[in-house]
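Pasted below: run_30.cif, mmCIF, C-alpha atoms.
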data_target
loop_
_atom_site.label_atom_id
_atom_site.label_comp_id
_atom_site.auth_asym_id
_atom_site.auth_seq_id
_atom_site.Cartn_x
_atom_site.Cartn_y
_atom_site.Cartn_z
CA MET Z 1 173.62 -19.39 -35.11
CA HIS Z 2 173.56 -22.85 -36.50
CA ASN Z 3 174.59 -26.12 -35.10
CA ALA Z 4 175.01 -28.49 -37.98
CA HIS Z 5 175.77 -31.37 -35.64
CA SER Z 6 172.34 -31.47 -34.12
CA THR Z 7 170.47 -34.61 -34.91
CA SER Z 8 167.02 -35.17 -33.61
CA ASP Z 9 167.61 -38.58 -32.13
CA SER Z 10 171.19 -39.73 -31.79
CA ARG Z 11 172.15 -43.31 -31.00
CA PHE Z 12 173.56 -42.20 -27.67
CA GLU Z 13 170.26 -40.66 -26.70
CA ARG Z 14 168.37 -43.76 -27.70
CA VAL Z 15 170.68 -46.31 -26.16
CA VAL Z 16 172.30 -44.70 -23.14
CA LEU Z 17 170.09 -41.89 -21.86
CA PRO Z 18 167.17 -44.14 -20.85
CA HIS Z 19 169.47 -45.44 -18.09
CA LEU Z 20 170.23 -42.06 -16.58
CA ASP Z 21 167.98 -42.59 -13.57
CA SER Z 22 169.48 -45.98 -12.91
CA ALA Z 23 172.94 -44.46 -13.11
CA TYR Z 24 171.91 -41.67 -10.76
CA THR Z 25 170.49 -44.16 -8.29
CA LEU Z 26 173.80 -46.01 -8.13
CA ALA Z 27 175.65 -42.73 -7.63
CA ARG Z 28 173.32 -41.77 -4.80
CA TYR Z 29 173.90 -45.09 -3.06
CA LEU Z 30 177.62 -44.90 -3.52
CA VAL Z 31 178.45 -41.27 -2.77
CA GLY Z 32 175.41 -40.37 -0.68
CA ASP Z 33 175.37 -36.62 -1.08
CA PRO Z 34 172.88 -35.51 -3.77
CA SER Z 35 174.94 -32.68 -5.19
CA GLU Z 36 177.99 -34.90 -5.34
CA ALA Z 37 175.88 -37.51 -7.13
CA ASP Z 38 174.90 -34.78 -9.62
CA ASP Z 39 178.56 -34.09 -10.24
CA VAL Z 40 179.39 -37.75 -10.60
CA LEU Z 41 176.57 -38.24 -13.08
CA GLN Z 42 177.59 -35.29 -15.21
CA GLU Z 43 181.20 -36.38 -15.33
CA ALA Z 44 180.05 -39.89 -16.18
CA ILE Z 45 177.89 -38.67 -19.04
CA LEU Z 46 180.73 -36.68 -20.56
CA ARG Z 47 182.94 -39.73 -20.31
CA ALA Z 48 180.24 -41.97 -21.72
CA ILE Z 49 179.91 -39.71 -24.74
CA GLN Z 50 183.66 -39.64 -25.16
CA TYR Z 51 184.01 -43.41 -24.93
CA PHE Z 52 180.74 -44.33 -26.58
CA HIS Z 53 182.61 -46.24 -29.28
CA THR Z 54 183.68 -48.77 -26.65
CA LEU Z 55 180.09 -49.88 -26.16
CA ARG Z 56 179.84 -52.92 -28.39
CA ARG Z 57 176.28 -54.08 -27.89
CA ASP Z 58 173.38 -51.72 -27.28
CA ALA Z 59 171.92 -54.25 -24.88
CA ASP Z 60 174.89 -53.72 -22.56
CA ALA Z 61 174.32 -49.98 -22.34
CA ARG Z 62 172.97 -49.94 -18.79
CA ALA Z 63 175.78 -52.01 -17.31
CA TRP Z 64 178.29 -50.07 -19.39
CA LEU Z 65 177.01 -46.71 -18.15
CA LEU Z 66 176.97 -47.87 -14.55
CA THR Z 67 180.54 -49.06 -14.91
CA ILE Z 68 181.51 -45.50 -15.77
CA VAL Z 69 179.41 -44.06 -12.96
CA ARG Z 70 181.01 -46.39 -10.46
CA ARG Z 71 184.47 -45.42 -11.62
CA GLU Z 72 183.58 -41.75 -11.19
CA CYS Z 73 182.35 -42.48 -7.68
CA TYR Z 74 185.68 -44.04 -6.84
CA THR Z 75 187.44 -41.01 -8.24
CA VAL Z 76 185.47 -38.92 -5.77
CA TRP Z 77 186.46 -41.21 -2.92
CA GLY Z 78 190.03 -41.14 -4.06
CA HIS Z 79 190.08 -37.52 -3.01
CA ARG Z 80 188.04 -37.92 0.08
CA GLY Z 81 189.76 -40.77 1.81
CA THR Z 82 187.52 -43.63 2.80
CA ARG Z 83 184.31 -41.75 2.56
CA MET Z 84 182.63 -44.81 1.12
CA ASN Z 85 182.15 -46.33 4.52
CA THR Z 86 180.64 -43.28 6.11
CA VAL Z 87 178.16 -42.45 3.42
CA SER Z 88 174.75 -41.26 4.47
CA LEU Z 89 171.96 -42.23 2.17
CA ASP Z 90 169.79 -39.32 3.16
CA VAL Z 91 166.60 -40.74 1.82
CA GLY Z 92 164.03 -38.68 3.64
CA ALA Z 93 160.53 -38.24 2.31
CA GLU Z 94 161.38 -34.61 1.57
CA ASP Z 95 163.70 -35.68 -1.20
CA GLU Z 96 162.00 -34.63 -4.37
CA ASN Z 97 164.06 -36.97 -6.47
CA SER Z 98 163.05 -40.06 -4.61
CA ARG Z 99 160.65 -42.16 -6.55
CA VAL Z 100 159.39 -44.21 -3.68
CA GLU Z 101 155.83 -43.46 -2.78
CA LEU Z 102 155.69 -43.44 0.97
CA ALA Z 103 152.05 -42.81 1.52
CA ASP Z 104 149.52 -45.39 0.54
CA PRO Z 105 146.16 -43.60 0.69
CA GLY Z 106 144.62 -46.62 2.37
CA ASP Z 107 147.05 -46.65 5.26
CA SER Z 108 146.13 -45.49 8.70
CA PRO Z 109 148.54 -43.00 10.30
CA GLU Z 110 149.79 -45.77 12.60
CA THR Z 111 150.50 -48.13 9.74
CA LEU Z 112 152.18 -45.36 7.84
CA ALA Z 113 154.40 -44.43 10.77
CA GLU Z 114 155.35 -48.02 11.34
CA ARG Z 115 156.04 -48.53 7.68
CA ASN Z 116 158.34 -45.51 7.65
CA LEU Z 117 160.17 -46.72 10.71
CA VAL Z 118 160.73 -50.10 9.16
CA ARG Z 119 161.84 -48.50 5.96
CA GLU Z 120 164.33 -46.32 7.77
CA ARG Z 121 165.72 -49.34 9.51
CA ILE Z 122 166.25 -51.10 6.21
CA ILE Z 123 167.88 -48.04 4.67
CA ASP Z 124 170.14 -47.67 7.71
CA ALA Z 125 171.10 -51.32 7.53
CA VAL Z 126 172.17 -50.91 3.89
CA ASP Z 127 173.87 -47.64 4.75
CA LEU Z 128 175.99 -49.37 7.37
CA LEU Z 129 177.30 -52.01 5.00
CA PRO Z 130 180.92 -51.60 3.94
CA GLY Z 131 181.12 -49.93 0.53
CA GLY Z 132 181.95 -53.03 -1.48
CA LEU Z 133 179.09 -55.01 0.01
CA ARG Z 134 176.64 -52.13 -0.33
CA GLU Z 135 177.56 -51.68 -3.96
CA ALA Z 136 177.08 -55.39 -4.65
CA ILE Z 137 173.72 -55.63 -2.94
CA VAL Z 138 172.37 -52.46 -4.56
CA LEU Z 139 173.39 -53.67 -8.00
CA ARG Z 140 171.89 -57.09 -7.37
CA GLU Z 141 168.71 -56.50 -5.39
CA LEU Z 142 167.72 -52.97 -6.31
CA GLN Z 143 168.97 -52.78 -9.87
CA GLN Z 144 168.69 -56.50 -10.53
CA PHE Z 145 171.83 -57.03 -12.51
CA SER Z 146 173.07 -60.54 -13.11
CA TYR Z 147 176.21 -61.76 -11.32
CA GLU Z 148 178.07 -61.57 -14.61
CA GLU Z 149 177.02 -57.97 -15.15
CA ILE Z 150 178.01 -57.02 -11.62
CA ALA Z 151 181.40 -58.63 -12.18
CA THR Z 152 181.79 -56.47 -15.29
CA ILE Z 153 180.63 -53.29 -13.59
CA THR Z 154 182.80 -53.70 -10.52
CA GLY Z 155 185.75 -55.23 -12.29
CA ALA Z 156 185.79 -58.10 -9.80
CA PRO Z 157 185.93 -61.83 -10.48
CA ILE Z 158 182.52 -63.43 -10.37
CA GLY Z 159 183.50 -65.47 -7.31
CA THR Z 160 184.24 -62.26 -5.43
CA VAL Z 161 180.91 -60.82 -6.51
CA MET Z 162 179.05 -63.88 -5.28
CA SER Z 163 180.91 -63.76 -1.99
CA ARG Z 164 180.17 -60.05 -1.50
CA ILE Z 165 176.50 -60.48 -2.23
CA SER Z 166 176.31 -63.43 0.08
CA ARG Z 167 178.05 -61.56 2.89
CA ALA Z 168 175.87 -58.49 2.36
CA ARG Z 169 172.76 -60.65 2.51
CA ALA Z 170 173.97 -62.37 5.65
CA ARG Z 171 174.64 -59.05 7.38
CA LEU Z 172 171.30 -57.61 6.36
CA ALA Z 173 169.47 -60.76 7.38
CA GLU Z 174 171.14 -60.46 10.75
CA SER Z 175 170.34 -56.81 11.36
CA LEU Z 176 166.82 -57.18 9.98
CA ARG Z 177 166.13 -60.65 11.30
CA ASP Z 178 162.66 -59.81 12.61
CA LEU Z 179 161.65 -58.72 9.10
CA VAL Z 180 163.30 -61.31 6.93
CA ASP Z 181 161.83 -64.64 6.07
CA TYR Z 182 164.70 -66.97 6.87
CA GLY Z 183 163.47 -69.65 4.53
CA GLU Z 184 164.45 -67.54 1.55
CA ILE Z 185 167.94 -66.56 2.56
CA SER Z 186 170.50 -68.05 0.32
CA MET O 1 154.65 -55.21 8.94
CA SER O 2 154.49 -58.41 10.88
CA ASP O 3 154.73 -60.52 7.74
CA LYS O 4 158.25 -61.52 7.05
CA GLN O 5 159.46 -61.11 3.51
CA GLU O 6 162.21 -62.45 1.40
CA LEU O 7 165.22 -60.15 1.74
CA GLY O 8 165.31 -59.06 -1.90
CA THR O 9 161.63 -58.09 -1.84
CA LEU O 10 162.14 -56.28 1.42
CA LEU O 11 165.02 -54.25 -0.01
CA ARG O 12 163.27 -53.45 -3.27
CA ASP O 13 160.21 -52.25 -1.40
CA ALA O 14 162.12 -50.11 1.06
CA LEU O 15 165.07 -48.68 -0.85
CA PRO O 16 164.38 -45.67 -3.03
CA GLN O 17 165.15 -45.54 -6.72
CA TYR O 18 166.10 -42.04 -7.63
CA ARG O 19 165.31 -39.93 -10.61
CA ALA O 20 168.14 -37.79 -11.91
CA PRO O 21 167.32 -34.06 -11.84
CA GLN O 22 165.51 -32.87 -14.94
CA SER O 23 168.27 -30.35 -15.56
CA ILE O 24 170.76 -33.19 -15.96
CA HIS O 25 168.42 -35.07 -18.26
CA ASP O 26 168.15 -31.99 -20.46
CA TRP O 27 171.84 -31.26 -20.28
CA ALA O 28 172.74 -34.85 -21.17
CA ARG O 29 170.48 -34.74 -24.20
CA ALA O 30 172.05 -31.51 -25.38
CA GLN O 31 175.53 -32.94 -24.80
CA ALA O 32 174.69 -36.09 -26.73
CA ARG O 33 173.37 -34.13 -29.69
CA SER O 34 176.19 -31.69 -29.95
CA GLN O 35 178.90 -34.30 -29.48
CA GLU O 36 177.81 -36.79 -32.08
CA ALA O 37 180.05 -35.09 -34.58
CA PRO O 38 183.79 -35.18 -34.09
CA SER O 39 184.34 -32.05 -32.10
CA THR O 40 187.24 -30.21 -30.62
CA HIS O 41 185.88 -30.78 -27.18
CA GLY O 42 188.96 -31.34 -25.12
CA ARG O 43 189.72 -34.07 -22.71
CA LEU O 44 187.87 -33.53 -19.54
CA VAL O 45 190.09 -32.90 -16.60
CA LYS O 46 188.59 -33.67 -13.26
CA ARG O 47 187.25 -30.63 -11.57
CA ALA O 48 187.47 -29.92 -7.90
CA THR O 49 184.15 -30.82 -6.36
CA GLU O 50 183.90 -27.90 -4.01
CA ALA O 51 186.20 -25.16 -2.90
CA SER O 52 188.41 -27.77 -1.32
CA ALA O 53 191.82 -28.78 -2.56
CA PRO O 54 191.88 -29.76 -6.22
CA ARG O 55 191.35 -33.37 -6.91
CA PHE O 56 194.21 -35.57 -7.77
CA LEU O 57 193.73 -35.59 -11.51
CA ALA O 58 193.57 -31.83 -11.77
CA TYR O 59 196.65 -31.68 -9.64
CA ALA O 60 198.45 -34.22 -11.78
CA ALA O 61 197.42 -32.36 -14.92
CA GLY O 62 198.78 -29.21 -13.39
CA LEU O 63 202.07 -30.92 -12.73
CA LEU O 64 202.20 -32.15 -16.31
CA ILE O 65 201.56 -28.65 -17.55
CA ALA O 66 204.25 -27.41 -15.23
CA ALA O 67 206.67 -30.00 -16.58
CA ALA O 68 205.81 -29.02 -20.13
CA LEU O 69 206.33 -25.37 -19.31
CA GLY O 70 209.78 -26.15 -18.03
CA TRP O 71 211.11 -26.74 -21.51
CA THR O 72 208.93 -24.34 -23.47
CA ALA O 73 210.41 -21.31 -21.83
CA ASP O 74 210.38 -19.53 -25.17
CA ALA O 75 206.64 -19.09 -25.15
CA THR O 76 206.22 -15.41 -25.74
CA TYR O 77 202.85 -15.12 -24.13
CA ARG O 78 203.29 -17.82 -21.65
CA THR O 79 201.23 -17.38 -18.57
CA ARG O 80 202.72 -17.89 -15.18
CA ARG O 81 201.48 -21.36 -14.72
CA GLU O 82 204.75 -22.83 -13.59
CA SER O 83 203.12 -25.17 -11.15
CA ALA O 84 199.84 -26.61 -10.06
CA ALA O 85 199.81 -23.98 -7.37
CA GLY O 86 200.24 -21.36 -10.07
CA GLN O 87 197.23 -22.79 -11.88
CA ASP O 88 195.18 -22.55 -8.71
CA ALA O 89 196.35 -19.01 -8.18
CA LEU O 90 195.24 -18.16 -11.71
CA VAL O 91 191.80 -19.62 -11.10
CA ALA O 92 191.54 -17.73 -7.82
CA GLU O 93 192.49 -14.53 -9.57
CA LEU O 94 189.97 -15.06 -12.35
CA VAL O 95 187.20 -15.77 -9.85
CA ASP O 96 188.18 -12.68 -7.86
CA ASN O 97 188.02 -10.69 -11.03
CA HIS O 98 184.62 -12.17 -11.84
CA VAL O 99 183.28 -11.33 -8.39
CA ARG O 100 184.65 -7.80 -8.52
CA SER O 101 183.00 -7.30 -11.89
CA LEU O 102 179.67 -8.22 -10.36
CA ILE O 103 179.80 -6.18 -7.17
CA GLY O 104 181.55 -3.13 -8.56
CA GLU O 105 180.71 -0.75 -11.30
CA HIS O 106 183.26 -2.23 -13.60
CA LEU O 107 181.34 -4.99 -15.31
CA VAL O 108 182.07 -3.67 -18.77
CA ASP O 109 184.21 -0.96 -20.35
CA ILE O 110 182.02 -1.00 -23.40
CA ARG O 111 178.38 -1.82 -23.03
CA SER O 112 177.18 -3.23 -26.29
CA THR O 113 175.19 -6.15 -27.54
CA ASP O 114 176.62 -5.71 -31.02
CA GLN O 115 179.51 -8.00 -31.80
CA HIS O 116 180.56 -5.69 -34.64
CA THR O 117 181.02 -2.87 -32.15
CA VAL O 118 182.78 -4.93 -29.51
CA LYS O 119 185.36 -6.61 -31.70
CA PRO O 120 186.96 -3.44 -33.12
CA TRP O 121 186.87 -1.91 -29.65
CA PHE O 122 189.61 -4.31 -28.57
CA ALA O 123 191.96 -3.07 -31.31
CA GLY O 124 194.80 -1.15 -29.72
CA LYS O 125 193.81 -2.32 -26.27
CA THR O 126 194.97 -5.89 -26.65
CA ASP O 127 197.69 -7.36 -28.83
CA PHE O 128 195.39 -10.03 -30.16
CA ALA O 129 191.90 -10.08 -31.64
CA PRO O 130 189.37 -12.13 -29.71
CA ARG O 131 186.43 -13.52 -31.58
CA VAL O 132 183.21 -11.85 -30.50
CA VAL O 133 180.02 -13.81 -31.04
CA ASP O 134 176.55 -12.73 -30.09
CA LEU O 135 174.64 -15.65 -28.64
CA THR O 136 171.46 -13.85 -27.65
CA SER O 137 169.28 -16.20 -29.65
CA THR O 138 170.69 -19.20 -27.78
CA GLY O 139 170.44 -17.84 -24.27
CA PHE O 140 173.73 -16.03 -23.81
CA PRO O 141 173.18 -12.37 -24.68
CA LEU O 142 176.36 -10.38 -25.20
CA LEU O 143 176.46 -7.63 -22.57
CA GLY O 144 179.74 -6.01 -23.43
CA ALA O 145 183.46 -6.27 -22.91
CA ARG O 146 186.31 -4.93 -20.87
CA VAL O 147 190.05 -5.19 -20.63
CA ASP O 148 191.48 -6.74 -17.50
CA TYR O 149 194.91 -7.24 -16.07
CA VAL O 150 195.24 -10.85 -14.99
CA HIS O 151 198.29 -12.74 -13.87
CA GLY O 152 200.64 -10.17 -15.20
CA ARG O 153 199.17 -9.55 -18.58
CA THR O 154 196.40 -7.72 -20.38
CA VAL O 155 193.46 -9.92 -21.19
CA ALA O 156 190.28 -9.40 -23.16
CA THR O 157 187.10 -10.12 -21.26
CA LEU O 158 183.78 -10.77 -22.94
CA VAL O 159 180.72 -10.49 -20.75
CA TYR O 160 177.65 -12.57 -21.45
CA GLY O 161 174.38 -12.97 -19.60
CA ARG O 162 172.93 -16.32 -18.66
CA ARG O 163 169.44 -15.98 -17.28
CA ARG O 164 170.08 -13.91 -14.17
CA HIS O 165 173.75 -14.79 -14.09
CA THR O 166 176.82 -13.44 -15.74
CA VAL O 167 179.51 -15.25 -17.65
CA ASN O 168 182.92 -13.60 -17.84
CA VAL O 169 185.13 -15.01 -20.57
CA PHE O 170 188.79 -14.13 -20.15
CA ILE O 171 190.87 -14.50 -23.30
CA TRP O 172 194.56 -14.23 -24.02
CA PRO O 173 197.09 -15.90 -26.33
CA ALA O 174 197.73 -19.45 -25.22
CA ALA O 175 201.14 -20.66 -24.16
CA LYS O 176 202.41 -23.51 -26.31
CA SER O 177 202.00 -25.92 -23.47
CA ASP O 178 198.47 -24.76 -22.76
CA THR O 179 196.39 -27.29 -24.66
CA GLU O 180 194.24 -29.13 -22.15
CA SER O 181 190.65 -28.30 -21.43
CA GLU O 182 189.71 -28.15 -17.83
CA SER O 183 186.63 -27.61 -15.77
CA ARG O 184 186.39 -27.10 -12.07
CA ARG O 185 184.55 -25.34 -9.33
CA TYR O 186 186.02 -22.79 -7.02
CA ASN O 187 184.19 -21.18 -4.12
CA GLY O 188 180.88 -21.98 -5.71
CA TYR O 189 181.83 -20.60 -9.10
CA ALA O 190 182.12 -22.75 -12.19
CA ILE O 191 185.19 -22.43 -14.37
CA LEU O 192 185.76 -23.85 -17.81
CA HIS O 193 189.01 -23.54 -19.66
CA TRP O 194 189.78 -24.41 -23.22
CA VAL O 195 192.19 -23.47 -25.97
CA ASP O 196 191.12 -22.69 -29.50
CA GLY O 197 192.85 -21.01 -32.39
CA GLY O 198 195.90 -20.14 -30.32
CA LEU O 199 193.84 -18.38 -27.67
CA SER O 200 193.35 -19.48 -24.11
CA TYR O 201 189.79 -19.15 -22.83
CA TRP O 202 188.69 -19.11 -19.20
CA ALA O 203 184.96 -18.80 -18.66
CA VAL O 204 183.81 -18.06 -15.13
CA THR O 205 180.24 -17.94 -13.91
CA ASP O 206 178.00 -18.25 -10.92
CA ALA O 207 175.63 -20.27 -13.09
CA ALA O 208 176.12 -24.02 -13.53
CA LEU O 209 179.15 -25.70 -15.00
CA ALA O 210 176.83 -27.29 -17.54
CA ASP O 211 175.99 -23.77 -18.74
CA LEU O 212 179.65 -23.21 -19.52
CA ASP O 213 179.84 -26.43 -21.51
CA THR O 214 176.87 -25.21 -23.49
CA PHE O 215 178.38 -21.77 -23.87
CA ARG O 216 181.63 -23.13 -25.19
CA LYS O 217 179.89 -25.18 -27.83
CA LEU O 218 177.75 -22.28 -28.94
CA TYR O 219 180.71 -19.93 -28.96
CA GLU O 220 182.82 -22.30 -31.01
CA SER O 221 180.11 -22.97 -33.56
CA GLY O 222 178.95 -19.36 -33.69
CA SER O 223 180.16 -16.90 -36.24
#
Using structure tokens, write down the structure that the file contains.
Amino acid sequence: MHNAHSTSDSRFERVVLPHLDSAYTLARYLVGDPSEADDVLQEAILRAIQYFHTLRRDADARAWLLTIVRRECYTVWGHRGTRMNTVSLDVGAEDENSRVELADPGDSPETLAERNLVRERIIDAVDLLPGGLREAIVLRELQQFSYEEIATITGAPIGTVMSRISRARARLAESLRDLVDYGEIS
Amino acid sequence: MSDKQELGTLLRDALPQYRAPQSIHDWARAQARSQEAPSTHGRLVKRATEASAPRFLAYAAGLLIAAALGWTADATYRTRRESAAGQDALVAELVDNHVRSLIGEHLVDIRSTDQHTVKPWFAGKTDFAPRVVDLTSTGFPLLGARVDYVHGRTVATLVYGRRRHTVNVFIWPAAKSDTESESRRYNGYAILHWVDGGLSYWAVTDAALADLDTFRKLYESGS
């Protein structure tokens, strides 16, 4: 058995694979179900390998990969009707793949409980956003892409992106108004 | 939590970032390495997510195949994939066969881990000679082989192990129109189809679909 094609460190591995977790996070926020997100990610990776030549600059790899992931997510929805609006984020503490550390050792049980409640409220608020707004806000606030990058990823004009982000922020600020510092809302 | 925060900070603090399962990280790395070279890896057709109706792309591909079959009626060994429904029926039959092989006594007709024993065994039983590769060193030990009757024809079946799972590889001469690779899931089983050297391969397993991708690559590069 020999595999002559094996190279120890391919360009794809170096450039694209570091963004796997980021890609998976987007899939989780868009399709909700973990096993479906697994499927989406695997399909996206195969496609990314296949179309790797279309990635012009290594620096764009993350946005490029997430573009593919997003498209795969839409393919899933295409067969599931408008699932996008009824997605459940399912982000319980029991989720082994969640990177958020819930427990701060210094917290009292009361603080911890309150913190979790607040966190659940925030997650629910994002969950309830229409798909297009949720996607925009996750890409902007959680994954911190620029407006230009989000326009590329979602294939929408930048004006649309700005409008979606602004509407998402307005809705979240409304549903979380006791938590949000109004002075900072743009 | 009485302090109000800027919305972005609030979201970043509360919303989880996920880590992709380690198995996908490993699989992706293996995929990347083996696909750097121009390979014969076929176009990926969308697979059905669960046991539900096939997704649109698979369905459309099925229709295309059906259309192609319409005018290649001369294919001697053409399978009965006249329609997308026929394709689904084939997959169902292969999975049934796979399941029966696991629950019954009939996993293999010839139990052998020696490729040089298995290959000649097919002579006279099938009208084609499937390639038999032992992949024990790479995690797919050859368990044996059998001859099955699938969709109206005799097919050669190679049986490989994968950890505690079994991979059945059904092989028969490909119809001229049968060129597309395809992967899908059906009732919890993973199915990978490809065509190579004029033979049509359908690998079925209760292990992961990623295992079949790996298997195919190893099989194709093995000797």
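Here the PyMOL selection byres ((chain O) within 6 of (chain Z)) captures the residues Lys4, Gln5, Glu6, Leu7, Gly8, Arg12, Ala14, Pro16, Gln17, Tyr18, Arg19, Ala20, Arg33, Ser34, Ala37, Arg55 and Gly222 of chain O.
The residues returned by the PyMOL selection byres ((chain Z and resi 149) around 12) on the shown structure are Z:Ala59, Z:Asp60, Z:Ala61, Z:Arg62, Z:Ala63, Z:Trp64, Z:Leu65, Z:Leu66, Z:Thr67, Z:Ala136, Z:Leu139, Z:Arg140, Z:Gln143, Z:Gln144, Z:Phe145, Z:Ser146, Z:Tyr147, Z:Glu148, Z:Ile150, Z:Ala151, Z:Thr152, Z:Ile153, Z:Thr154, Z:Gly155, Z:Ala156, Z:Pro157, Z:Ile158, Z:Val161, Z:Met162.
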Neighbour residues at most 7 Å from (201.1, -15.8, -10.2) (all atoms listed in the file) as a PyMOL selection string: chain O and resi 80+86+89-90+151
Produce a file of the selected residues containing C-alpha atoms, as an mmCIF file, in the frame of the given file.
data_model
loop_
_atom_site.group_PDB
_atom_site.id
_atom_site.type_symbol
_atom_site.label_atom_id
_atom_site.label_comp_id
_atom_site.auth_asym_id
_atom_site.auth_seq_id
_atom_site.Cartn_x
_atom_site.Cartn_y
_atom_site.Cartn_z
ATOM 1 C CA ARG O 80 202.720 -17.890 -15.180
ATOM 2 C CA GLY O 86 200.240 -21.360 -10.070
ATOM 3 C CA ALA O 89 196.350 -19.010 -8.180
ATOM 4 C CA LEU O 90 195.240 -18.160 -11.710
ATOM 5 C CA HIS O 151 198.290 -12.740 -13.870
#
The distance between CA of Ala175 in chain O and CA of Gly197 in chain O is 11.7 Å
Extract, using all atoms listed in the file, all DNA, RNA and protein residues at most 12 Å from Val150 in chain O, discarding same-chain residues fewer than 3 positions from it, and format them as a list in words. Thr79, Arg80, Ala89, Leu90, Val91, Ala92, Glu93, Leu94, Val95, Asp96, Asn97, His98, Val147, Arg153, Thr154, Val155, Ala156, Thr157, Phe170, Ile171, Trp172 and Trp202 of chain O
Would you translate the PyMOL selection byres ((chain O and resi 115) around 7) into the concrete set of residues it matches in this file, as a PyMOL selection string? chain O and resi 113-114+116-119+132-134
CA of Glu180 in chain O to CA of Gln87 in chain O, straight-line distance in Å: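 Distance between the two atoms: 12.4 Å.
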Rounded to one decimal place, report the CA of Tyr51 in chain Z-CA of Ile68 in chain Z distance in Å.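 According to the coordinates, CA of Tyr51 in chain Z and CA of Ile68 in chain Z are separated by 9.7 Å.
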Contacts of Thr138 in chain O at 12 Å (all atoms listed in the file; same-chain gap of 3+ positions) as a list in words: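 With the cut-off at 12 Å, the set is Met1, His2 and Asn3 of chain Z; Val133, Asp134, Leu135, Pro141, Leu142, Tyr160, Gly161, Arg162, Arg163, Asp211, Thr214, Phe215, Arg216, Lys217, Leu218, Tyr219, Ser221 and Gly222 of chain O.
Using all atoms listed in the file for every distance, the candidate list Z:Leu55, Z:Ala125, Z:Leu133, Z:Val69 yields Z:Leu55 as the residue closest to Val15 in chain Z.
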Work out where the centre of an axis-aligned box around every listed atom of range 30-48 of chain Z lies and how long its edges are once 5 Å is added on each side; give both in Å to one decimal as lines of an AutoDock Vina configuration file.
center_x = 177.9
center_y = -38.8
center_z = -11.2
size_x = 20.1
size_y = 22.2
size_z = 31.0
